[in-house]
file work12.txt (compact mmCIF, C-alpha atoms)
# COMPACT_ATOMS: atom_id res chain seq x y z
CA MET P 27 6.34 11.57 49.64
CA ALA P 28 3.72 10.11 47.30
CA THR P 29 4.97 8.06 44.41
CA THR P 30 3.25 7.47 41.13
CA THR P 31 3.06 4.22 39.26
CA HIS P 32 2.08 3.63 35.68
CA ALA P 33 -0.85 1.35 35.05
CA ASN P 34 0.04 -1.78 33.19
CA PRO P 35 -1.76 -1.71 29.81
CA ARG P 36 -1.81 -5.51 29.84
CA HIS P 37 -4.73 -7.46 31.24
CA SER P 38 -4.60 -11.10 32.19
CA ILE P 39 -6.87 -13.49 30.31
CA THR P 40 -7.75 -17.06 31.11
CA ARG P 41 -6.12 -19.98 29.35
CA ALA P 42 -9.49 -20.92 27.84
CA ASP P 43 -9.85 -17.43 26.39
CA ALA P 44 -6.35 -17.60 24.97
CA VAL P 45 -7.04 -20.97 23.34
CA SER P 46 -10.29 -19.63 21.85
CA LEU P 47 -8.48 -16.63 20.40
CA TRP P 48 -5.76 -18.79 18.84
CA LEU P 49 -8.41 -21.10 17.35
CA PHE P 50 -10.17 -18.01 16.00
CA MET P 51 -6.93 -16.86 14.38
CA ALA P 52 -6.36 -20.29 12.83
CA ALA P 53 -9.90 -20.32 11.45
CA GLY P 54 -9.43 -16.83 10.02
CA ALA P 55 -6.21 -17.84 8.28
CA ALA P 56 -7.93 -20.92 6.83
CA ILE P 57 -10.80 -18.78 5.52
CA ALA P 58 -8.37 -16.36 3.86
CA VAL P 59 -6.54 -19.24 2.16
CA TRP P 60 -9.80 -20.84 0.99
CA VAL P 61 -11.18 -17.56 -0.41
CA THR P 62 -7.92 -16.89 -2.23
CA TRP P 63 -7.90 -20.39 -3.70
CA THR P 64 -11.50 -20.19 -4.93
CA ALA P 65 -10.96 -16.69 -6.34
CA VAL P 66 -7.90 -17.80 -8.33
CA ALA P 67 -9.83 -20.82 -9.61
CA ARG P 68 -12.71 -18.55 -10.64
CA ILE P 69 -10.40 -16.18 -12.52
CA ILE P 70 -8.71 -19.10 -14.31
CA ALA P 71 -12.13 -20.45 -15.32
CA VAL P 72 -13.37 -17.09 -16.61
CA LEU P 73 -10.34 -15.78 -18.53
CA PRO P 74 -10.71 -18.15 -21.53
CA ASN P 75 -14.19 -16.57 -21.90
CA ARG P 76 -15.91 -19.74 -23.08
CA ASP P 77 -19.16 -21.05 -21.54
CA VAL P 78 -18.86 -18.73 -18.57
CA ALA P 79 -21.20 -19.38 -15.62
CA VAL P 80 -22.47 -16.18 -13.98
CA LEU P 81 -24.69 -15.84 -10.92
CA ALA P 82 -27.46 -13.43 -11.90
CA PRO P 83 -30.14 -11.76 -9.72
CA PHE P 84 -33.77 -11.59 -10.79
CA ALA P 85 -36.68 -9.44 -9.61
CA GLY P 86 -39.39 -12.06 -9.27
CA THR P 87 -39.12 -13.12 -12.92
CA PRO P 88 -41.57 -15.97 -13.70
CA ALA P 89 -40.08 -19.30 -14.80
CA GLU P 90 -41.13 -22.92 -15.15
CA ALA P 91 -39.75 -25.50 -12.72
CA PRO P 92 -40.45 -29.27 -12.87
CA ILE P 93 -41.67 -29.56 -9.29
CA GLY P 94 -45.27 -30.60 -9.87
CA PRO P 95 -46.70 -34.16 -9.86
CA ASP P 96 -44.48 -36.46 -11.91
CA GLY P 97 -42.24 -33.50 -12.75
CA ALA P 98 -44.99 -31.32 -14.17
CA PRO P 99 -43.88 -27.70 -14.71
CA VAL P 100 -44.94 -25.16 -12.10
CA THR P 101 -44.56 -21.41 -12.44
CA VAL P 102 -42.16 -19.97 -9.88
CA GLU P 103 -40.54 -16.58 -9.31
CA LEU P 104 -36.78 -16.42 -9.75
CA GLU P 105 -34.66 -14.51 -7.26
CA GLN P 106 -31.33 -15.65 -8.69
CA ALA P 107 -30.00 -18.21 -11.15
CA VAL P 108 -26.75 -19.30 -12.78
CA LEU P 109 -26.52 -18.24 -16.42
CA THR P 110 -24.08 -20.01 -18.73
CA VAL P 111 -22.99 -17.64 -21.48
CA PRO P 112 -21.04 -18.77 -24.57
CA GLU P 113 -18.96 -15.59 -24.40
CA LEU P 114 -19.13 -12.56 -22.13
CA PRO P 115 -18.36 -8.99 -23.19
CA ILE P 116 -14.77 -8.07 -22.32
CA ALA P 117 -16.00 -5.52 -19.76
CA SER P 118 -17.97 -8.25 -17.97
CA VAL P 119 -14.96 -10.59 -17.97
CA TRP P 120 -12.86 -7.91 -16.32
CA ALA P 121 -15.72 -7.21 -13.90
CA VAL P 122 -15.53 -10.85 -12.73
CA VAL P 123 -11.75 -10.64 -12.40
CA ILE P 124 -11.91 -7.38 -10.45
CA GLN P 125 -14.68 -8.81 -8.27
CA GLN P 126 -12.50 -11.75 -7.27
CA VAL P 127 -9.46 -9.54 -6.66
CA VAL P 128 -11.51 -7.18 -4.48
CA LEU P 129 -12.93 -10.17 -2.59
CA VAL P 130 -9.47 -11.56 -1.86
CA VAL P 131 -8.04 -8.18 -0.85
CA ALA P 132 -10.99 -7.45 1.44
CA VAL P 133 -11.00 -10.87 3.11
CA VAL P 134 -7.23 -10.99 3.57
CA ALA P 135 -7.15 -7.44 4.94
CA VAL P 136 -9.99 -8.08 7.39
CA VAL P 137 -8.58 -11.43 8.51
CA THR P 138 -5.10 -9.94 8.95
CA ALA P 139 -6.45 -7.08 11.04
CA LEU P 140 -8.54 -9.41 13.20
CA ILE P 141 -5.67 -11.87 13.66
CA TRP P 142 -3.40 -9.01 14.73
CA LEU P 143 -6.10 -7.77 17.09
CA SER P 144 -6.68 -11.25 18.53
CA ARG P 145 -2.94 -11.73 19.00
CA ASN P 146 -2.73 -8.49 20.98
CA VAL P 147 -5.71 -9.46 23.12
CA ALA P 148 -4.26 -12.95 23.70
CA ARG P 149 -1.12 -11.26 25.01
CA GLY P 150 -3.22 -9.16 27.39
CA VAL P 151 -3.21 -5.90 25.41
CA VAL P 152 -6.82 -4.84 24.87
CA PHE P 153 -7.19 -1.07 24.71
CA CYS P 154 -4.41 0.63 22.79
CA ARG P 155 -4.02 2.81 19.73
CA THR P 156 -3.03 -0.13 17.55
CA ASN P 157 -6.15 -2.12 18.44
CA THR P 158 -8.39 0.88 17.79
CA VAL P 159 -6.87 1.30 14.31
CA LEU P 160 -7.21 -2.44 13.65
CA VAL P 161 -10.91 -2.44 14.55
CA ALA P 162 -11.59 0.60 12.38
CA THR P 163 -9.60 -0.84 9.48
CA ALA P 164 -11.30 -4.24 9.59
CA GLY P 165 -14.75 -2.67 9.76
CA THR P 166 -14.15 -0.15 6.99
CA VAL P 167 -12.62 -2.70 4.60
CA ALA P 168 -15.46 -5.15 5.31
CA LEU P 169 -18.06 -2.52 4.45
CA LEU P 170 -16.26 -1.53 1.26
CA GLY P 171 -15.98 -5.18 0.24
CA TYR P 172 -19.65 -5.79 1.06
CA PHE P 173 -20.55 -3.07 -1.42
CA ALA P 174 -17.88 -3.59 -4.10
CA VAL P 175 -18.07 -7.38 -4.55
CA PRO P 176 -21.77 -7.52 -5.55
CA PHE P 177 -21.35 -4.30 -7.56
CA PHE P 178 -18.84 -5.94 -9.90
CA GLY P 179 -20.92 -9.14 -9.84
CA ASN P 180 -23.89 -7.13 -11.10
CA MET P 181 -21.76 -5.75 -13.94
CA ALA P 182 -20.92 -9.30 -14.99
CA SER P 183 -24.52 -10.51 -14.79
CA ASN P 184 -25.75 -7.51 -16.81
CA GLY P 185 -23.31 -8.48 -19.54
CA ALA P 186 -24.65 -12.05 -19.46
CA PHE P 187 -28.24 -10.79 -19.77
CA ALA P 188 -27.24 -8.57 -22.68
CA VAL P 189 -25.64 -11.47 -24.56
CA LEU P 190 -28.42 -13.99 -23.99
CA SER P 191 -31.28 -11.57 -24.69
CA GLU P 192 -29.49 -9.54 -27.38
CA HIS P 193 -30.05 -6.43 -25.25
CA THR P 194 -33.83 -6.95 -25.01
CA PHE P 195 -34.06 -8.01 -21.34
CA ASN P 196 -33.51 -5.23 -18.82
CA ASN P 197 -32.65 -6.67 -15.42
CA VAL P 198 -30.39 -4.06 -13.80
CA ILE P 199 -30.61 -4.89 -10.09
CA MET P 200 -28.33 -3.85 -7.26
CA THR P 201 -28.11 -6.78 -4.85
CA VAL P 202 -26.57 -4.89 -1.92
CA ASP P 203 -28.99 -4.78 1.02
CA PRO P 204 -29.00 -1.12 2.17
CA PHE P 205 -30.38 -2.06 5.61
CA ALA P 206 -27.55 -4.51 6.23
CA LEU P 207 -25.03 -1.94 4.96
CA VAL P 208 -26.33 0.76 7.33
CA LEU P 209 -26.49 -1.72 10.22
CA GLY P 210 -22.94 -2.84 9.51
CA ALA P 211 -21.75 0.78 9.41
CA PHE P 212 -23.43 1.39 12.77
CA VAL P 213 -21.76 -1.65 14.34
CA VAL P 214 -18.35 -0.62 12.96
CA ALA P 215 -18.77 2.92 14.28
CA LEU P 216 -19.90 1.59 17.66
CA LEU P 217 -16.94 -0.78 18.00
CA GLY P 218 -14.54 1.96 16.94
CA THR P 219 -16.01 4.29 19.55
CA VAL P 220 -15.81 1.63 22.27
CA PHE P 221 -12.15 0.94 21.58
CA ALA P 222 -11.37 4.65 21.33
CA ILE P 223 -13.01 5.28 24.72
CA GLY P 224 -11.26 2.28 26.24
CA GLU P 225 -7.94 3.53 24.87
CA ARG P 226 -8.55 6.99 26.37
CA LEU P 227 -9.55 5.55 29.75
CA GLN P 228 -6.47 3.34 29.70
CA ARG P 229 -4.28 6.35 28.99
CA ASP P 230 -5.99 8.46 31.68
CA THR P 231 -5.37 5.80 34.35
CA GLU P 232 -1.63 5.89 33.77
CA GLY P 233 0.19 7.81 36.46
CA LEU P 234 -2.39 7.19 39.16
CA ILE P 235 -1.13 6.71 42.70

call {"tool": "encode", "arguments": {"input": "work12.txt", "output": "structure tokens"}}
result
Amino acid sequence: MATTTHANPRHSITRADAVSLWLFMAAGAAIAVWVTWTAVARIIAVLPNRDVAVLAPFAGTPAEAPIGPDGAPVTVELEQAVLTVPELPIASVWAVVIQQVVLVVAVVAVVTALIWLSRNVARGVVFCRTNTVLVATAGTVALLGYFAVPFFGNMASNGAFAVLSEHTFNNVIMTVDPFALVLGAFVVALLGTVFAIGERLQRDTEGLI
């Protein structure tokens, strides 16, 4: 009489692969801590709302830079610059705070999902429902963060422009690269599909003779 056995969902990995995954997890944790630290420092620096430095995008705005012979001024086109504003509008201050909070939440969420995924893979579990959800979660949160962080940054820089120019300089620019956003969405969808197919194949092989 034929007997059925269940396929083991675990796959052996080499010691070198396991070490690489654990180093990757350690690096991810360090990045999350560093981003959190810098975000908290940024919020603390902005909340007093005095001499606030804001990174602002420009659309090829001409400016003078002392890069000629003996420091002679040369006309250049600005792509971005740091503006120091005596006092930002309250909405712009909160935009900076929200930007930093969103950045921390996005980075910590992505790092947590990837560390969890790496831990599963290091233990030999590659294709499973949990890993598929982790891949989809990390990708989706990364895309949302990629859009939201510069969005709130633009709100802050627009407030800085309004203060310095007394509302006479219009420089509303969205700094999110749509090509990179679409490419990122494609990669996330592809990875999610790969893991979903792998999970289904893993499930279908269970019970084979």

call {"tool": "closest_residue", "arguments": {"input": "work12.txt", "among": "P:Ala168, P:Ala98, P:Ala71, P:Val80", "to": "P:Val133", "atoms": "only C-alpha atoms"}}
result
P:Ala168

call {"tool": "axis_aligned_box", "arguments": {"input": "work12.txt", "around": "stretch 214-228 of chain P", "padding_each_side": "4 Å", "output": "JSON"}}
result
{"center_x": -13.2, "center_y": 3.1, "center_z": 21.4, "size_x": 21.4, "size_y": 15.8, "size_z": 24.8}

call {"tool": "residues_around", "arguments": {"input": "work12.txt", "residues": "P:Met51", "least_positions_apart": "5", "cutoff": "10 Å", "atoms": "only C-alpha atoms", "output": "ChimeraX atom specification"}}
result
/P:45-46,56-57,137-138,140-145

call {"tool": "atom_distance", "arguments": {"input": "work12.txt", "atom1": "atom CA of P:Gly218", "atom2": "atom CA of P:Gly165"}}
result
8.5 Å

call {"tool": "residues_near_point", "arguments": {"input": "work12.txt", "point": "(-24.5, -0.9, 9.3)", "cutoff": "12 Å", "atoms": "all atoms listed in the file", "output": "PDB file with C-alpha atoms, in the frame of the given file"}}
result
ATOM      1  CA  GLY P 165     -14.750  -2.670   9.760  1.00  0.00           C
ATOM      2  CA  THR P 166     -14.150  -0.150   6.990  1.00  0.00           C
ATOM      3  CA  ALA P 168     -15.460  -5.150   5.310  1.00  0.00           C
ATOM      4  CA  LEU P 169     -18.060  -2.520   4.450  1.00  0.00           C
ATOM      5  CA  LEU P 170     -16.260  -1.530   1.260  1.00  0.00           C
ATOM      6  CA  TYR P 172     -19.650  -5.790   1.060  1.00  0.00           C
ATOM      7  CA  PHE P 173     -20.550  -3.070  -1.420  1.00  0.00           C
ATOM      8  CA  ASP P 203     -28.990  -4.780   1.020  1.00  0.00           C
ATOM      9  CA  PRO P 204     -29.000  -1.120   2.170  1.00  0.00           C
ATOM     10  CA  PHE P 205     -30.380  -2.060   5.610  1.00  0.00           C
ATOM     11  CA  ALA P 206     -27.550  -4.510   6.230  1.00  0.00           C
ATOM     12  CA  LEU P 207     -25.030  -1.940   4.960  1.00  0.00           C
ATOM     13  CA  VAL P 208     -26.330   0.760   7.330  1.00  0.00           C
ATOM     14  CA  LEU P 209     -26.490  -1.720  10.220  1.00  0.00           C
ATOM     15  CA  GLY P 210     -22.940  -2.840   9.510  1.00  0.00           C
ATOM     16  CA  ALA P 211     -21.750   0.780   9.410  1.00  0.00           C
ATOM     17  CA  PHE P 212     -23.430   1.390  12.770  1.00  0.00           C
ATOM     18  CA  VAL P 213     -21.760  -1.650  14.340  1.00  0.00           C
ATOM     19  CA  VAL P 214     -18.350  -0.620  12.960  1.00  0.00           C
ATOM     20  CA  ALA P 215     -18.770   2.920  14.280  1.00  0.00           C
ATOM     21  CA  LEU P 216     -19.900   1.590  17.660  1.00  0.00           C
ATOM     22  CA  LEU P 217     -16.940  -0.780  18.000  1.00  0.00           C
TER      23      LEU P 217
END

call {"tool": "residues_around", "arguments": {"input": "work12.txt", "residues": "P:Arg41", "least_positions_apart": "6", "cutoff": "12 Å", "atoms": "all atoms listed in the file", "output": "list in words"}}
result
Leu47, Trp48, Ala148, Arg149 and Gly150 of chain P

call {"tool": "atom_distance", "arguments": {"input": "work12.txt", "atom1": "atom CA of P:Pro92", "atom2": "atom CA of P:Leu104"}}
result
13.7 Å

call {"tool": "residues_around", "arguments": {"input": "work12.txt", "residues": "P:Gly224", "least_positions_apart": "6", "cutoff": "10 Å", "atoms": "only C-alpha atoms", "output": "PDB file with C-alpha atoms, in the frame of the given file"}}
result
ATOM      1  CA  VAL P 152      -6.820  -4.840  24.870  1.00  0.00           C
ATOM      2  CA  PHE P 153      -7.190  -1.070  24.710  1.00  0.00           C
ATOM      3  CA  CYS P 154      -4.410   0.630  22.790  1.00  0.00           C
ATOM      4  CA  ARG P 155      -4.020   2.810  19.730  1.00  0.00           C
ATOM      5  CA  THR P 158      -8.390   0.880  17.790  1.00  0.00           C
ATOM      6  CA  GLY P 218     -14.540   1.960  16.940  1.00  0.00           C
ATOM      7  CA  ASP P 230      -5.990   8.460  31.680  1.00  0.00           C
TER       8      ASP P 230
END

call {"tool": "closest_residue", "arguments": {"input": "work12.txt", "among": "P:Leu109, P:Val127, P:Val134, P:Leu227", "to": "P:Ala82", "atoms": "all atoms listed in the file"}}
result
P:Leu109

call {"tool": "atom_distance", "arguments": {"input": "work12.txt", "atom1": "atom CA of P:Asn196", "atom2": "atom CA of P:Val108"}}
result
16.7 Å

call {"tool": "residues_near_point", "arguments": {"input": "work12.txt", "point": "(-11.3, -13.7, -11.2)", "cutoff": "7 Å", "atoms": "all atoms listed in the file", "output": "count of residues only"}}
result
12

call {"tool": "closest_residue", "arguments": {"input": "work12.txt", "among": "P:Ile93, P:Val159, P:Ala135, P:Val175", "to": "P:Gly54", "atoms": "only C-alpha atoms"}}
result
P:Ala135

call {"tool": "build_atoms", "arguments": {"input": "work12.txt", "residues": "stretch 92-120 of chain P", "atoms": "N, CA and C atoms", "output": "PDB file, in the frame of the given file"}}
result
ATOM      1  N   PRO P  92     -39.794 -27.951 -12.879  1.00  0.00           N
ATOM      2  CA  PRO P  92     -40.450 -29.270 -12.870  1.00  0.00           C
ATOM      3  C   PRO P  92     -40.637 -29.810 -11.457  1.00  0.00           C
ATOM      4  N   ILE P  93     -41.473 -29.158 -10.689  1.00  0.00           N
ATOM      5  CA  ILE P  93     -41.670 -29.560  -9.290  1.00  0.00           C
ATOM      6  C   ILE P  93     -43.089 -30.008  -9.005  1.00  0.00           C
ATOM      7  N   GLY P  94     -43.903 -30.133 -10.055  1.00  0.00           N
ATOM      8  CA  GLY P  94     -45.270 -30.600  -9.870  1.00  0.00           C
ATOM      9  C   GLY P  94     -45.331 -32.121  -9.855  1.00  0.00           C
ATOM     10  N   PRO P  95     -46.543 -32.694  -9.842  1.00  0.00           N
ATOM     11  CA  PRO P  95     -46.700 -34.160  -9.860  1.00  0.00           C
ATOM     12  C   PRO P  95     -46.018 -34.763 -11.083  1.00  0.00           C
ATOM     13  N   ASP P  96     -45.206 -35.783 -10.839  1.00  0.00           N
ATOM     14  CA  ASP P  96     -44.480 -36.460 -11.910  1.00  0.00           C
ATOM     15  C   ASP P  96     -43.614 -35.494 -12.724  1.00  0.00           C
ATOM     16  N   GLY P  97     -43.118 -34.448 -12.059  1.00  0.00           N
ATOM     17  CA  GLY P  97     -42.240 -33.500 -12.750  1.00  0.00           C
ATOM     18  C   GLY P  97     -42.943 -32.488 -13.611  1.00  0.00           C
ATOM     19  N   ALA P  98     -44.246 -32.301 -13.375  1.00  0.00           N
ATOM     20  CA  ALA P  98     -44.990 -31.320 -14.170  1.00  0.00           C
ATOM     21  C   ALA P  98     -44.449 -29.916 -13.885  1.00  0.00           C
ATOM     22  N   PRO P  99     -44.405 -29.055 -14.897  1.00  0.00           N
ATOM     23  CA  PRO P  99     -43.880 -27.700 -14.710  1.00  0.00           C
ATOM     24  C   PRO P  99     -44.809 -26.849 -13.850  1.00  0.00           C
ATOM     25  N   VAL P 100     -44.212 -26.079 -12.967  1.00  0.00           N
ATOM     26  CA  VAL P 100     -44.940 -25.160 -12.100  1.00  0.00           C
ATOM     27  C   VAL P 100     -44.276 -23.798 -12.219  1.00  0.00           C
ATOM     28  N   THR P 101     -45.100 -22.763 -12.323  1.00  0.00           N
ATOM     29  CA  THR P 101     -44.560 -21.410 -12.440  1.00  0.00           C
ATOM     30  C   THR P 101     -44.025 -20.942 -11.093  1.00  0.00           C
ATOM     31  N   VAL P 102     -42.795 -20.484 -11.092  1.00  0.00           N
ATOM     32  CA  VAL P 102     -42.160 -19.970  -9.880  1.00  0.00           C
ATOM     33  C   VAL P 102     -41.587 -18.581 -10.185  1.00  0.00           C
ATOM     34  N   GLU P 103     -41.178 -17.878  -9.143  1.00  0.00           N
ATOM     35  CA  GLU P 103     -40.540 -16.580  -9.310  1.00  0.00           C
ATOM     36  C   GLU P 103     -39.061 -16.698  -8.985  1.00  0.00           C
ATOM     37  N   LEU P 104     -38.226 -16.330  -9.942  1.00  0.00           N
ATOM     38  CA  LEU P 104     -36.780 -16.420  -9.750  1.00  0.00           C
ATOM     39  C   LEU P 104     -36.264 -15.237  -8.938  1.00  0.00           C
ATOM     40  N   GLU P 105     -35.394 -15.541  -7.982  1.00  0.00           N
ATOM     41  CA  GLU P 105     -34.660 -14.510  -7.260  1.00  0.00           C
ATOM     42  C   GLU P 105     -33.212 -14.443  -7.739  1.00  0.00           C
ATOM     43  N   GLN P 106     -32.652 -15.609  -8.086  1.00  0.00           N
ATOM     44  CA  GLN P 106     -31.330 -15.650  -8.690  1.00  0.00           C
ATOM     45  C   GLN P 106     -31.158 -16.980  -9.413  1.00  0.00           C
ATOM     46  N   ALA P 107     -30.260 -16.998 -10.374  1.00  0.00           N
ATOM     47  CA  ALA P 107     -30.000 -18.210 -11.150  1.00  0.00           C
ATOM     48  C   ALA P 107     -28.607 -18.110 -11.753  1.00  0.00           C
ATOM     49  N   VAL P 108     -28.062 -19.253 -12.130  1.00  0.00           N
ATOM     50  CA  VAL P 108     -26.750 -19.300 -12.780  1.00  0.00           C
ATOM     51  C   VAL P 108     -26.979 -19.326 -14.282  1.00  0.00           C
ATOM     52  N   LEU P 109     -26.418 -18.323 -14.966  1.00  0.00           N
ATOM     53  CA  LEU P 109     -26.520 -18.240 -16.420  1.00  0.00           C
ATOM     54  C   LEU P 109     -25.197 -18.699 -17.035  1.00  0.00           C
ATOM     55  N   THR P 110     -25.270 -19.591 -18.006  1.00  0.00           N
ATOM     56  CA  THR P 110     -24.080 -20.010 -18.730  1.00  0.00           C
ATOM     57  C   THR P 110     -24.073 -19.316 -20.081  1.00  0.00           C
ATOM     58  N   VAL P 111     -23.063 -18.483 -20.291  1.00  0.00           N
ATOM     59  CA  VAL P 111     -22.990 -17.640 -21.480  1.00  0.00           C
ATOM     60  C   VAL P 111     -21.856 -18.130 -22.381  1.00  0.00           C
ATOM     61  N   PRO P 112     -22.116 -18.313 -23.677  1.00  0.00           N
ATOM     62  CA  PRO P 112     -21.040 -18.770 -24.570  1.00  0.00           C
ATOM     63  C   PRO P 112     -19.811 -17.858 -24.522  1.00  0.00           C
ATOM     64  N   GLU P 113     -20.060 -16.550 -24.445  1.00  0.00           N
ATOM     65  CA  GLU P 113     -18.960 -15.590 -24.400  1.00  0.00           C
ATOM     66  C   GLU P 113     -19.454 -14.294 -23.790  1.00  0.00           C
ATOM     67  N   LEU P 114     -18.758 -13.818 -22.778  1.00  0.00           N
ATOM     68  CA  LEU P 114     -19.130 -12.560 -22.130  1.00  0.00           C
ATOM     69  C   LEU P 114     -18.461 -11.384 -22.825  1.00  0.00           C
ATOM     70  N   PRO P 115     -19.071 -10.199 -22.748  1.00  0.00           N
ATOM     71  CA  PRO P 115     -18.360  -8.990 -23.190  1.00  0.00           C
ATOM     72  C   PRO P 115     -17.074  -8.826 -22.374  1.00  0.00           C
ATOM     73  N   ILE P 116     -16.063  -8.234 -22.988  1.00  0.00           N
ATOM     74  CA  ILE P 116     -14.770  -8.070 -22.320  1.00  0.00           C
ATOM     75  C   ILE P 116     -14.930  -7.311 -21.001  1.00  0.00           C
ATOM     76  N   ALA P 117     -15.795  -6.297 -20.991  1.00  0.00           N
ATOM     77  CA  ALA P 117     -16.000  -5.520 -19.760  1.00  0.00           C
ATOM     78  C   ALA P 117     -16.536  -6.403 -18.639  1.00  0.00           C
ATOM     79  N   SER P 118     -17.407  -7.353 -18.991  1.00  0.00           N
ATOM     80  CA  SER P 118     -17.970  -8.250 -17.970  1.00  0.00           C
ATOM     81  C   SER P 118     -16.921  -9.238 -17.481  1.00  0.00           C
ATOM     82  N   VAL P 119     -16.049  -9.697 -18.390  1.00  0.00           N
ATOM     83  CA  VAL P 119     -14.960 -10.590 -17.970  1.00  0.00           C
ATOM     84  C   VAL P 119     -14.074  -9.891 -16.948  1.00  0.00           C
ATOM     85  N   TRP P 120     -13.703  -8.646 -17.250  1.00  0.00           N
ATOM     86  CA  TRP P 120     -12.860  -7.910 -16.320  1.00  0.00           C
ATOM     87  C   TRP P 120     -13.605  -7.589 -15.029  1.00  0.00           C
TER      88      TRP P 120
END
